[in-house]
file structure_13.pdb (PDB, C-alpha atoms)
MODEL        1
ATOM      1  CA  THR A 174       8.279 -11.889 -21.869  1.00  0.00           C
ATOM      2  CA  LEU A 175       9.826 -13.993 -19.133  1.00  0.00           C
ATOM      3  CA  THR A 176       7.555 -12.541 -16.461  1.00  0.00           C
ATOM      4  CA  GLU A 177       3.784 -12.544 -16.143  1.00  0.00           C
ATOM      5  CA  ASN A 178       3.836  -8.796 -16.832  1.00  0.00           C
ATOM      6  CA  ARG A 179       1.582  -8.316 -13.825  1.00  0.00           C
ATOM      7  CA  MET A 180       2.862  -6.826 -10.577  1.00  0.00           C
ATOM      8  CA  THR A 181       1.914  -9.026  -7.614  1.00  0.00           C
ATOM      9  CA  ALA A 182       2.152  -8.424  -3.853  1.00  0.00           C
ATOM     10  CA  THR A 183       3.913 -11.473  -2.408  1.00  0.00           C
ATOM     11  CA  GLU A 184       4.871 -10.559   1.152  1.00  0.00           C
ATOM     12  CA  GLY A 185       4.618  -7.774   3.672  1.00  0.00           C
ATOM     13  CA  TRP A 186       5.074  -6.241   7.106  1.00  0.00           C
ATOM     14  CA  PHE A 187       1.795  -5.528   8.893  1.00  0.00           C
ATOM     15  CA  PHE A 188       1.269  -4.067  12.369  1.00  0.00           C
ATOM     16  CA  GLY A 189       4.763  -4.965  13.523  1.00  0.00           C
ATOM     17  CA  LYS A 190       4.943  -8.465  11.990  1.00  0.00           C
ATOM     18  CA  HIS A 191       6.698  -9.663   8.849  1.00  0.00           C
ATOM     19  CA  PHE A 192       4.856 -12.164   6.640  1.00  0.00           C
ATOM     20  CA  SER A 193       6.987 -13.965   4.060  1.00  0.00           C
ATOM     21  CA  SER A 194       3.783 -15.001   2.295  1.00  0.00           C
ATOM     22  CA  LEU A 195       0.374 -13.353   2.066  1.00  0.00           C
ATOM     23  CA  SER A 196      -1.422 -16.695   1.963  1.00  0.00           C
ATOM     24  CA  GLY A 197      -3.671 -16.926   4.997  1.00  0.00           C
ATOM     25  CA  LEU A 198      -3.318 -13.214   5.789  1.00  0.00           C
ATOM     26  CA  LYS A 199      -7.078 -12.873   6.303  1.00  0.00           C
ATOM     27  CA  GLN A 200      -6.951 -15.481   9.083  1.00  0.00           C
ATOM     28  CA  GLU A 201      -4.017 -13.711  10.746  1.00  0.00           C
ATOM     29  CA  LEU A 202      -5.543 -10.214  10.822  1.00  0.00           C
ATOM     30  CA  ASN A 203      -8.430  -9.415  13.132  1.00  0.00           C
ATOM     31  CA  ASN A 204     -11.422  -7.359  11.978  1.00  0.00           C
ATOM     32  CA  ALA A 205      -9.998  -4.050  13.184  1.00  0.00           C
ATOM     33  CA  GLN A 206      -6.680  -4.682  11.431  1.00  0.00           C
ATOM     34  CA  GLN A 207      -8.469  -5.655   8.235  1.00  0.00           C
ATOM     35  CA  GLN A 208     -10.505  -2.457   8.340  1.00  0.00           C
ATOM     36  CA  ILE A 209      -7.462  -0.234   8.877  1.00  0.00           C
ATOM     37  CA  LEU A 210      -5.479  -1.949   6.141  1.00  0.00           C
ATOM     38  CA  GLY A 211      -8.485  -1.820   3.823  1.00  0.00           C
ATOM     39  CA  ASN A 212      -8.868   1.925   4.331  1.00  0.00           C
ATOM     40  CA  CYS A 213      -5.160   2.581   3.758  1.00  0.00           C
ATOM     41  CA  VAL A 214      -5.134   0.576   0.528  1.00  0.00           C
ATOM     42  CA  ALA A 215      -8.518   1.435  -0.983  1.00  0.00           C
ATOM     43  CA  VAL A 216      -8.913   5.124  -0.165  1.00  0.00           C
ATOM     44  CA  ASN A 217      -5.417   6.357  -0.989  1.00  0.00           C
ATOM     45  CA  SER A 218      -5.277   5.005  -4.545  1.00  0.00           C
ATOM     46  CA  SER A 219      -6.191   6.186  -8.020  1.00  0.00           C
ATOM     47  CA  ALA A 220      -6.000   2.719  -9.588  1.00  0.00           C
ATOM     48  CA  GLY A 221      -8.911   0.378 -10.203  1.00  0.00           C
ATOM     49  CA  LEU A 222      -9.775  -3.198 -11.160  1.00  0.00           C
ATOM     50  CA  ASN A 223     -12.322  -4.430 -13.691  1.00  0.00           C
ATOM     51  CA  PHE A 224     -13.599  -7.679 -12.218  1.00  0.00           C
ATOM     52  CA  ASP A 225     -15.704  -8.368 -15.320  1.00  0.00           C
ATOM     53  CA  VAL A 226     -12.713  -8.553 -17.672  1.00  0.00           C
ATOM     54  CA  LYS A 227      -9.728 -10.855 -17.073  1.00  0.00           C
ATOM     55  CA  ASP A 228      -6.188 -10.336 -18.341  1.00  0.00           C
ATOM     56  CA  HIS A 229      -3.860 -13.000 -19.752  1.00  0.00           C
ATOM     57  CA  ASN A 230      -3.130 -14.209 -16.198  1.00  0.00           C
ATOM     58  CA  GLY A 231      -6.807 -14.662 -15.347  1.00  0.00           C
ATOM     59  CA  LYS A 232      -6.785 -11.656 -13.010  1.00  0.00           C
ATOM     60  CA  PRO A 233      -9.036  -8.587 -13.291  1.00  0.00           C
ATOM     61  CA  GLN A 234      -7.825  -6.012 -15.772  1.00  0.00           C
ATOM     62  CA  PHE A 235      -6.556  -2.895 -14.082  1.00  0.00           C
ATOM     63  CA  ARG A 236      -6.396   0.788 -14.839  1.00  0.00           C
ATOM     64  CA  GLY A 237      -3.783   3.159 -13.496  1.00  0.00           C
ATOM     65  CA  ASN A 238      -0.511   2.350 -11.788  1.00  0.00           C
ATOM     66  CA  PRO A 239       0.327  -1.400 -11.852  1.00  0.00           C
ATOM     67  CA  THR A 240       1.902  -1.282  -8.386  1.00  0.00           C
ATOM     68  CA  GLU A 241      -1.241   0.257  -6.901  1.00  0.00           C
ATOM     69  CA  ALA A 242      -3.344  -2.307  -8.747  1.00  0.00           C
ATOM     70  CA  ALA A 243      -1.248  -5.109  -7.225  1.00  0.00           C
ATOM     71  CA  ILE A 244      -2.051  -3.876  -3.716  1.00  0.00           C
ATOM     72  CA  LEU A 245      -5.752  -3.523  -4.531  1.00  0.00           C
ATOM     73  CA  TRP A 246      -5.827  -7.091  -5.842  1.00  0.00           C
ATOM     74  CA  SER A 247      -4.012  -8.443  -2.778  1.00  0.00           C
ATOM     75  CA  LEU A 248      -6.593  -6.696  -0.577  1.00  0.00           C
ATOM     76  CA  ASN A 249      -9.315  -8.565  -2.436  1.00  0.00           C
ATOM     77  CA  GLU A 250      -7.554 -11.903  -2.863  1.00  0.00           C
ATOM     78  CA  ARG A 251      -5.710 -12.187   0.452  1.00  0.00           C
ATOM     79  CA  VAL A 252      -7.909 -10.223   2.875  1.00  0.00           C
ATOM     80  CA  GLY A 253     -11.306 -10.596   1.211  1.00  0.00           C
ATOM     81  CA  ILE A 254     -12.061  -6.862   1.052  1.00  0.00           C
ATOM     82  CA  ASP A 255     -13.607  -5.281  -2.048  1.00  0.00           C
ATOM     83  CA  TYR A 256     -11.913  -1.898  -2.380  1.00  0.00           C
ATOM     84  CA  ARG A 257     -14.980  -0.533  -4.214  1.00  0.00           C
ATOM     85  CA  LYS A 258     -17.179  -0.954  -1.142  1.00  0.00           C
ATOM     86  CA  VAL A 259     -14.623   0.865   1.012  1.00  0.00           C
ATOM     87  CA  ARG A 260     -14.510   3.784  -1.416  1.00  0.00           C
ATOM     88  CA  ASP A 261     -18.301   3.925  -1.645  1.00  0.00           C
ATOM     89  CA  SER A 262     -18.574   4.290   2.134  1.00  0.00           C
ATOM     90  CA  THR A 263     -16.192   7.232   2.424  1.00  0.00           C
ATOM     91  CA  THR A 264     -15.860  10.810   1.191  1.00  0.00           C
ATOM     92  CA  THR A 265     -12.561  11.927  -0.333  1.00  0.00           C
ATOM     93  CA  LEU A 266     -11.804  15.559   0.501  1.00  0.00           C
ATOM     94  CA  ALA A 267      -8.338  16.123  -0.960  1.00  0.00           C
ATOM     95  CA  ARG A 268      -5.593  14.242  -2.744  1.00  0.00           C
ATOM     96  CA  ARG A 269      -1.919  14.763  -3.459  1.00  0.00           C
ATOM     97  CA  PRO A 270      -1.361  12.667  -6.612  1.00  0.00           C
ATOM     98  CA  PHE A 271       1.717  10.522  -7.023  1.00  0.00           C
ATOM     99  CA  ARG A 272       4.630  12.213  -8.789  1.00  0.00           C
ATOM    100  CA  LYS A 273       7.932  10.526  -9.582  1.00  0.00           C
ATOM    101  CA  GLN A 274       9.930  13.334  -8.010  1.00  0.00           C
ATOM    102  CA  ASP A 275       7.952  13.045  -4.750  1.00  0.00           C
ATOM    103  CA  LYS A 276       7.652   9.211  -4.636  1.00  0.00           C
ATOM    104  CA  TYR A 277       4.465   9.279  -2.566  1.00  0.00           C
ATOM    105  CA  MET A 278       0.772  10.167  -2.676  1.00  0.00           C
ATOM    106  CA  SER A 279      -1.695  11.202   0.016  1.00  0.00           C
ATOM    107  CA  THR A 280      -5.454  11.405   0.525  1.00  0.00           C
ATOM    108  CA  ILE A 281      -7.779  13.005   3.068  1.00  0.00           C
ATOM    109  CA  ARG A 282     -11.051  11.198   3.723  1.00  0.00           C
ATOM    110  CA  THR A 283     -13.942  11.439   6.162  1.00  0.00           C
ATOM    111  CA  GLU A 284     -16.464   8.913   7.396  1.00  0.00           C
ATOM    112  CA  GLU A 285     -18.827   9.246  10.363  1.00  0.00           C
ATOM    113  CA  ASN A 286     -17.283  12.621  11.263  1.00  0.00           C
ATOM    114  CA  VAL A 287     -13.767  11.184  11.507  1.00  0.00           C
ATOM    115  CA  TYR A 288     -11.122  12.840   9.331  1.00  0.00           C
ATOM    116  CA  GLU A 289      -8.045  10.851   8.353  1.00  0.00           C
ATOM    117  CA  LEU A 290      -4.909  11.379   6.304  1.00  0.00           C
ATOM    118  CA  TYR A 291      -3.403   8.460   4.385  1.00  0.00           C
ATOM    119  CA  SER A 292      -0.005   8.507   2.709  1.00  0.00           C
ATOM    120  CA  LYS A 293       1.898   5.804   0.843  1.00  0.00           C
ATOM    121  CA  GLY A 294       4.997   5.536  -1.283  1.00  0.00           C
ATOM    122  CA  ALA A 295       8.708   4.848  -1.196  1.00  0.00           C
ATOM    123  CA  PRO A 296       9.625   3.712   2.342  1.00  0.00           C
ATOM    124  CA  GLU A 297      12.655   6.002   2.536  1.00  0.00           C
ATOM    125  CA  ILE A 298      10.290   8.948   2.055  1.00  0.00           C
ATOM    126  CA  VAL A 299       7.131   8.117   4.002  1.00  0.00           C
ATOM    127  CA  ILE A 300       8.640   6.237   6.939  1.00  0.00           C
ATOM    128  CA  ASP A 301      10.907   9.192   7.706  1.00  0.00           C
ATOM    129  CA  ARG A 302       7.696  11.110   8.390  1.00  0.00           C
ATOM    130  CA  CYS A 303       6.466   8.530  10.894  1.00  0.00           C
ATOM    131  CA  THR A 304       6.825   9.013  14.624  1.00  0.00           C
ATOM    132  CA  ASN A 305       4.544   6.082  15.480  1.00  0.00           C
ATOM    133  CA  PHE A 306       3.561   2.607  14.369  1.00  0.00           C
ATOM    134  CA  GLN A 307       0.458   0.537  15.004  1.00  0.00           C
ATOM    135  CA  ASP A 308       1.429  -2.580  16.909  1.00  0.00           C
ATOM    136  CA  TRP A 309      -0.143  -6.021  16.632  1.00  0.00           C
ATOM    137  CA  ASP A 310      -2.199  -5.320  19.760  1.00  0.00           C
ATOM    138  CA  GLY A 311      -3.956  -2.463  17.948  1.00  0.00           C
ATOM    139  CA  LYS A 312      -2.304   0.326  19.886  1.00  0.00           C
ATOM    140  CA  VAL A 313      -0.549   3.264  18.241  1.00  0.00           C
ATOM    141  CA  LYS A 314       2.881   3.521  19.846  1.00  0.00           C
ATOM    142  CA  PRO A 315       5.975   5.679  19.418  1.00  0.00           C
ATOM    143  CA  MET A 316       8.350   4.007  16.978  1.00  0.00           C
ATOM    144  CA  PRO A 317      11.451   2.933  18.939  1.00  0.00           C
ATOM    145  CA  LYS A 318      14.847   2.422  17.341  1.00  0.00           C
ATOM    146  CA  GLN A 319      14.500  -1.357  17.423  1.00  0.00           C
ATOM    147  CA  ILE A 320      11.250  -1.271  15.431  1.00  0.00           C
ATOM    148  CA  ARG A 321      12.749   1.133  12.895  1.00  0.00           C
ATOM    149  CA  ALA A 322      15.763  -1.181  12.606  1.00  0.00           C
ATOM    150  CA  GLN A 323      13.435  -4.164  12.106  1.00  0.00           C
ATOM    151  CA  VAL A 324      11.548  -2.299   9.381  1.00  0.00           C
ATOM    152  CA  ASP A 325      14.787  -1.293   7.649  1.00  0.00           C
ATOM    153  CA  ARG A 326      15.984  -4.914   7.665  1.00  0.00           C
ATOM    154  CA  VAL A 327      12.707  -6.143   6.166  1.00  0.00           C
ATOM    155  CA  ILE A 328      12.858  -3.504   3.428  1.00  0.00           C
ATOM    156  CA  SER A 329      16.509  -4.239   2.645  1.00  0.00           C
ATOM    157  CA  ASP A 330      15.813  -7.976   2.459  1.00  0.00           C
ATOM    158  CA  MET A 331      12.888  -7.453   0.091  1.00  0.00           C
ATOM    159  CA  ALA A 332      14.910  -5.089  -2.101  1.00  0.00           C
ATOM    160  CA  SER A 333      17.847  -7.537  -2.240  1.00  0.00           C
ATOM    161  CA  ARG A 334      15.473 -10.099  -3.788  1.00  0.00           C
ATOM    162  CA  GLY A 335      14.212  -7.673  -6.398  1.00  0.00           C
ATOM    163  CA  LEU A 336      10.927  -6.756  -4.731  1.00  0.00           C
ATOM    164  CA  ARG A 337       9.495  -3.272  -4.971  1.00  0.00           C
ATOM    165  CA  THR A 338       8.491  -1.937  -1.547  1.00  0.00           C
ATOM    166  CA  ILE A 339       5.600   0.390  -0.719  1.00  0.00           C
ATOM    167  CA  ALA A 340       4.914   1.735   2.781  1.00  0.00           C
ATOM    168  CA  LEU A 341       1.418   2.712   4.001  1.00  0.00           C
ATOM    169  CA  THR A 342       0.884   5.281   6.762  1.00  0.00           C
ATOM    170  CA  THR A 343      -1.986   7.177   8.368  1.00  0.00           C
ATOM    171  CA  ARG A 344      -3.033   9.600  11.104  1.00  0.00           C
ATOM    172  CA  THR A 345      -6.178  11.344  12.320  1.00  0.00           C
ATOM    173  CA  LEU A 346      -6.431  15.055  11.553  1.00  0.00           C
ATOM    174  CA  SER A 347      -6.407  17.546  14.407  1.00  0.00           C
ATOM    175  CA  GLU A 348      -9.441  19.727  15.146  1.00  0.00           C
ATOM    176  CA  LYS A 349      -7.489  22.733  13.861  1.00  0.00           C
ATOM    177  CA  GLU A 350      -6.730  21.014  10.546  1.00  0.00           C
ATOM    178  CA  VAL A 351     -10.364  20.001  10.117  1.00  0.00           C
ATOM    179  CA  SER A 352     -11.561  23.529  10.902  1.00  0.00           C
ATOM    180  CA  GLU A 353      -9.147  25.077   8.402  1.00  0.00           C
ATOM    181  CA  GLY A 354     -10.085  22.515   5.759  1.00  0.00           C
ATOM    182  CA  LYS A 355     -13.788  23.266   6.166  1.00  0.00           C
ATOM    183  CA  LYS A 356     -13.200  27.037   5.969  1.00  0.00           C
ATOM    184  CA  GLU A 357     -11.451  26.700   2.610  1.00  0.00           C
ATOM    185  CA  ALA A 358     -13.771  24.013   1.229  1.00  0.00           C
ATOM    186  CA  ILE A 359     -15.081  24.375  -2.319  1.00  0.00           C
ATOM    187  CA  ASP A 360     -17.973  22.136  -3.363  1.00  0.00           C
ATOM    188  CA  GLY A 361     -17.211  19.768  -0.509  1.00  0.00           C
ATOM    189  CA  ARG A 362     -13.518  19.450  -1.364  1.00  0.00           C
ATOM    190  CA  TRP A 363     -10.415  20.845   0.330  1.00  0.00           C
ATOM    191  CA  PRO A 364      -8.321  21.994  -2.649  1.00  0.00           C
ATOM    192  CA  LYS A 365      -5.715  23.899  -0.609  1.00  0.00           C
ATOM    193  CA  PHE A 366      -5.052  21.297   2.058  1.00  0.00           C
ATOM    194  CA  PHE A 367      -1.923  19.926   0.401  1.00  0.00           C
ATOM    195  CA  ASP A 368      -0.488  23.363  -0.358  1.00  0.00           C
ATOM    196  CA  SER A 369       1.467  22.726   2.835  1.00  0.00           C
ATOM    197  CA  ALA A 370       3.063  19.421   3.840  1.00  0.00           C
ATOM    198  CA  PRO A 371       0.744  17.863   6.432  1.00  0.00           C
ATOM    199  CA  GLU A 372       2.356  14.423   6.146  1.00  0.00           C
ATOM    200  CA  ASN A 373       4.066  14.485   9.541  1.00  0.00           C
ATOM    201  CA  ASP A 374       3.706  12.572  12.806  1.00  0.00           C
ATOM    202  CA  MET A 375       2.367   9.682  10.728  1.00  0.00           C
ATOM    203  CA  THR A 376       1.707   6.129  11.932  1.00  0.00           C
ATOM    204  CA  LEU A 377       3.249   3.236  10.009  1.00  0.00           C
ATOM    205  CA  ILE A 378       0.702   0.524   9.215  1.00  0.00           C
ATOM    206  CA  ALA A 379       2.134  -1.734   6.525  1.00  0.00           C
ATOM    207  CA  ILE A 380       4.827  -2.404   3.949  1.00  0.00           C
ATOM    208  CA  PHE A 381       4.110  -4.448   0.829  1.00  0.00           C
ATOM    209  CA  GLY A 382       6.726  -6.372  -1.148  1.00  0.00           C
ATOM    210  CA  ILE A 383       5.752  -6.503  -4.824  1.00  0.00           C
ATOM    211  CA  GLU A 384       7.228  -8.389  -7.764  1.00  0.00           C
ATOM    212  CA  ASP A 385       6.509  -9.257 -11.379  1.00  0.00           C
ATOM    213  CA  PRO A 386       6.597 -13.088 -11.111  1.00  0.00           C
ATOM    214  CA  LEU A 387       8.276 -15.327 -13.638  1.00  0.00           C
ATOM    215  CA  ARG A 388       6.002 -17.232 -15.973  1.00  0.00           C
ATOM    216  CA  GLU A 389       5.638 -20.797 -14.708  1.00  0.00           C
ATOM    217  CA  GLN A 390       7.319 -22.184 -17.860  1.00  0.00           C
ATOM    218  CA  VAL A 391      10.559 -20.247 -17.317  1.00  0.00           C
ATOM    219  CA  PRO A 392      12.297 -22.428 -14.652  1.00  0.00           C
ATOM    220  CA  GLY A 393      11.701 -25.540 -16.762  1.00  0.00           C
ATOM    221  CA  ALA A 394      13.040 -23.834 -19.872  1.00  0.00           C
ATOM    222  CA  VAL A 395      16.206 -22.795 -18.050  1.00  0.00           C
ATOM    223  CA  ALA A 396      16.619 -26.322 -16.646  1.00  0.00           C
ATOM    224  CA  ARG A 397      16.357 -27.789 -20.162  1.00  0.00           C
ATOM    225  CA  CYS A 398      19.031 -25.376 -21.372  1.00  0.00           C
ATOM    226  CA  GLN A 399      21.338 -26.487 -18.573  1.00  0.00           C
ATOM    227  CA  THR A 400      20.652 -30.156 -19.329  1.00  0.00           C
ATOM    228  CA  ALA A 401      21.618 -29.480 -22.929  1.00  0.00           C
ATOM    229  CA  GLY A 402      24.961 -28.098 -21.773  1.00  0.00           C
ATOM    230  CA  ILE A 403      24.089 -24.410 -22.110  1.00  0.00           C
ATOM    231  CA  ARG A 404      25.494 -22.310 -19.293  1.00  0.00           C
ATOM    232  CA  VAL A 405      22.903 -19.695 -18.371  1.00  0.00           C
ATOM    233  CA  ILE A 406      24.609 -16.510 -17.226  1.00  0.00           C
ATOM    234  CA  MET A 407      21.799 -13.974 -17.226  1.00  0.00           C
ATOM    235  CA  VAL A 408      18.085 -13.975 -18.007  1.00  0.00           C
ATOM    236  CA  THR A 409      16.477 -10.625 -18.873  1.00  0.00           C
TER     237      THR A 409
ENDMDL
END
call {"tool": "encode", "arguments": {"input": "structure_13.pdb", "output": "structure tokens"}}
result
Amino acid sequence: TLTENRMTATEGWFFGKHFSSLSGLKQELNNAQQQILGNCVAVNSSAGLNFDVKDHNGKPQFRGNPTEAAILWSLNERVGIDYRKVRDSTTTLARRPFRKQDKYMSTIRTEENVYELYSKGAPEIVIDRCTNFQDWDGKVKPMPKQIRAQVDRVISDMASRGLRTIALTTRTLSEKEVSEGKKEAIDGRWPKFFDSAPENDMTLIAIFGIEDPLREQVPGAVARCQTAGIRVIMVT
């Protein structure tokens, strides 16, 4: 194939800032931001990486959805967080699995008596359920029109360049939601929590831009074709 056949996160919008490259992201994010991003990525995911086995690109083999795996790998490679350690430190109470017709997935988790809802998926779905965003200063703020317009521009720009976009959101559960979840718990899980649609009043944390990069030999091959007088119209 012309591509590496491995989805890769290449850019993103985090805490109100757009990064055209994820190189150096760890140095840009403070510890609190890294922790929040790590929770959003690691907890609300059914994918996994096998660090003991490498694929043809020299990256860990993955299981599950390749887009989710790309975000997990970027968390490890660009932020230095091992998603396995995050999962080991938390308890998952309920999950709404990803379905194509819904275009999003959600997870409830608890750690140190804090109960949080995470949701991620197609930006046009999950961002419409956001009333807030977490700013660079760490504060959760109402999402004004100018921030929503900025987010829409970033998403449109990524999409125009062929990137797949995934938005990550979160919020803390109310005392009432926690009480109801505990009442209906079965073996430590909350199986009925997602019978309703609790994904509302969410806080936007991040947007990832993901692509399947071209193999490094491809540009040179196309250049040689052009040198030979071949007019390249389309590469698929």
call {"tool": "residues_around", "arguments": {"input": "structure_13.pdb", "residues": "region 320-327 of chain A", "least_positions_apart": "6", "cutoff": "12 Å", "atoms": "only C-alpha atoms", "output": "number ranges by chain"}}
result
A: 184-193, 296-297, 300-301, 303-308, 314, 333-334, 336-340, 377-382
call {"tool": "resolve_selection", "arguments": {"input": "structure_13.pdb", "expression": "the PyMOL selection byres ((chain A and resi 345) around 10)", "output": "MDAnalysis selection string"}}
result
chainID A and resid 281:283 287:291 343:344 346:348 350:351 374:376
call {"tool": "resolve_selection", "arguments": {"input": "structure_13.pdb", "expression": "the PyMOL selection byres ((chain A and resi 262-270) around 6)", "output": "number ranges by chain"}}
result
A: 259-261, 271, 278-284, 362-363
call {"tool": "closest_residue", "arguments": {"input": "structure_13.pdb", "among": "A:Gly361, A:Gly402, A:Gly335, A:Gly211", "to": "Asp385 (chain A)", "atoms": "only C-alpha atoms"}}
result
A:Gly335
call {"tool": "atom_distance", "arguments": {"input": "structure_13.pdb", "atom1": "CA of Ser194 (chain A)", "atom2": "CA of Ser218 (chain A)"}}
result
23.0 Å
call {"tool": "residues_near_point", "arguments": {"input": "structure_13.pdb", "point": "(-0.5, -13.8, 1.5)", "cutoff": "7 Å", "atoms": "all atoms listed in the file", "output": "NGL selection string"}}
result
:A and (183-184 or 194-198 or 251)
call {"tool": "resolve_selection", "arguments": {"input": "structure_13.pdb", "expression": "the PyMOL selection byres ((chain A and resi 234) around 12)", "output": "ChimeraX atom specification"}}
result
/A:179-180,220-233,235-239,242-243,245-246
call {"tool": "write_last_selection", "arguments": {"input": "structure_13.pdb", "atoms": "C-alpha atoms", "output": "CSV table (one decimal), keeping the file's coordinate frame"}}
result
chain,number,residue,atom,x,y,z
A,179,ARG,CA,1.6,-8.3,-13.8
A,180,MET,CA,2.9,-6.8,-10.6
A,220,ALA,CA,-6.0,2.7,-9.6
A,221,GLY,CA,-8.9,0.4,-10.2
A,222,LEU,CA,-9.8,-3.2,-11.2
A,223,ASN,CA,-12.3,-4.4,-13.7
A,224,PHE,CA,-13.6,-7.7,-12.2
A,225,ASP,CA,-15.7,-8.4,-15.3
A,226,VAL,CA,-12.7,-8.6,-17.7
A,227,LYS,CA,-9.7,-10.9,-17.1
A,228,ASP,CA,-6.2,-10.3,-18.3
A,229,HIS,CA,-3.9,-13.0,-19.8
A,230,ASN,CA,-3.1,-14.2,-16.2
A,231,GLY,CA,-6.8,-14.7,-15.3
A,232,LYS,CA,-6.8,-11.7,-13.0
A,233,PRO,CA,-9.0,-8.6,-13.3
A,235,PHE,CA,-6.6,-2.9,-14.1
A,236,ARG,CA,-6.4,0.8,-14.8
A,237,GLY,CA,-3.8,3.2,-13.5
A,238,ASN,CA,-0.5,2.4,-11.8
A,239,PRO,CA,0.3,-1.4,-11.9
A,242,ALA,CA,-3.3,-2.3,-8.7
A,243,ALA,CA,-1.2,-5.1,-7.2
A,245,LEU,CA,-5.8,-3.5,-4.5
A,246,TRP,CA,-5.8,-7.1,-5.8
call {"tool": "closest_residue", "arguments": {"input": "structure_13.pdb", "among": "A:Met316, A:Ile244, A:Val299, A:Cys398", "to": "Thr342 (chain A)", "atoms": "all atoms listed in the file"}}
result
A:Val299
call {"tool": "closest_residue", "arguments": {"input": "structure_13.pdb", "among": "A:Ile383, A:Met331, A:Cys213, A:Ala182", "to": "Glu250 (chain A)", "atoms": "only C-alpha atoms"}}
result
A:Ala182
call {"tool": "atom_distance", "arguments": {"input": "structure_13.pdb", "atom1": "CA of Ile403 (chain A)", "atom2": "CA of Gln390 (chain A)"}}
result
17.4 Å
call {"tool": "atom_distance", "arguments": {"input": "structure_13.pdb", "atom1": "CA of Leu202 (chain A)", "atom2": "CA of Asn286 (chain A)"}}
result
25.7 Å
call {"tool": "build_atoms", "arguments": {"input": "structure_13.pdb", "residues": "region 258-269 of chain A", "atoms": "N, CA and C atoms", "output": "PDB file, keeping the file's coordinate frame"}}
result
ATOM      1  N   LYS A 258     -16.249  -1.179  -2.251  1.00  0.00           N
ATOM      2  CA  LYS A 258     -17.179  -0.954  -1.142  1.00  0.00           C
ATOM      3  C   LYS A 258     -16.595   0.029  -0.127  1.00  0.00           C
ATOM      4  N   VAL A 259     -15.278  -0.068   0.085  1.00  0.00           N
ATOM      5  CA  VAL A 259     -14.623   0.865   1.012  1.00  0.00           C
ATOM      6  C   VAL A 259     -14.724   2.284   0.464  1.00  0.00           C
ATOM      7  N   ARG A 260     -14.438   2.455  -0.811  1.00  0.00           N
ATOM      8  CA  ARG A 260     -14.510   3.784  -1.416  1.00  0.00           C
ATOM      9  C   ARG A 260     -15.926   4.336  -1.402  1.00  0.00           C
ATOM     10  N   ASP A 261     -16.903   3.475  -1.614  1.00  0.00           N
ATOM     11  CA  ASP A 261     -18.301   3.925  -1.645  1.00  0.00           C
ATOM     12  C   ASP A 261     -18.773   4.410  -0.279  1.00  0.00           C
ATOM     13  N   SER A 262     -18.127   3.943   0.779  1.00  0.00           N
ATOM     14  CA  SER A 262     -18.574   4.290   2.134  1.00  0.00           C
ATOM     15  C   SER A 262     -17.870   5.521   2.694  1.00  0.00           C
ATOM     16  N   THR A 263     -16.985   6.120   1.913  1.00  0.00           N
ATOM     17  CA  THR A 263     -16.192   7.232   2.424  1.00  0.00           C
ATOM     18  C   THR A 263     -16.283   8.424   1.485  1.00  0.00           C
ATOM     19  N   THR A 264     -15.895   9.592   1.996  1.00  0.00           N
ATOM     20  CA  THR A 264     -15.860  10.810   1.191  1.00  0.00           C
ATOM     21  C   THR A 264     -14.423  11.300   1.094  1.00  0.00           C
ATOM     22  N   THR A 265     -13.918  11.415  -0.119  1.00  0.00           N
ATOM     23  CA  THR A 265     -12.561  11.927  -0.333  1.00  0.00           C
ATOM     24  C   THR A 265     -12.606  13.445  -0.416  1.00  0.00           C
ATOM     25  N   LEU A 266     -11.791  14.098   0.418  1.00  0.00           N
ATOM     26  CA  LEU A 266     -11.804  15.559   0.501  1.00  0.00           C
ATOM     27  C   LEU A 266     -10.655  16.207  -0.249  1.00  0.00           C
ATOM     28  N   ALA A 267      -9.511  15.550  -0.286  1.00  0.00           N
ATOM     29  CA  ALA A 267      -8.338  16.123  -0.960  1.00  0.00           C
ATOM     30  C   ALA A 267      -7.373  15.005  -1.310  1.00  0.00           C
ATOM     31  N   ARG A 268      -6.579  15.240  -2.343  1.00  0.00           N
ATOM     32  CA  ARG A 268      -5.593  14.242  -2.744  1.00  0.00           C
ATOM     33  C   ARG A 268      -4.340  14.920  -3.289  1.00  0.00           C
ATOM     34  N   ARG A 269      -3.196  14.392  -2.857  1.00  0.00           N
ATOM     35  CA  ARG A 269      -1.919  14.763  -3.459  1.00  0.00           C
ATOM     36  C   ARG A 269      -1.544  13.608  -4.388  1.00  0.00           C
TER      37      ARG A 269
END
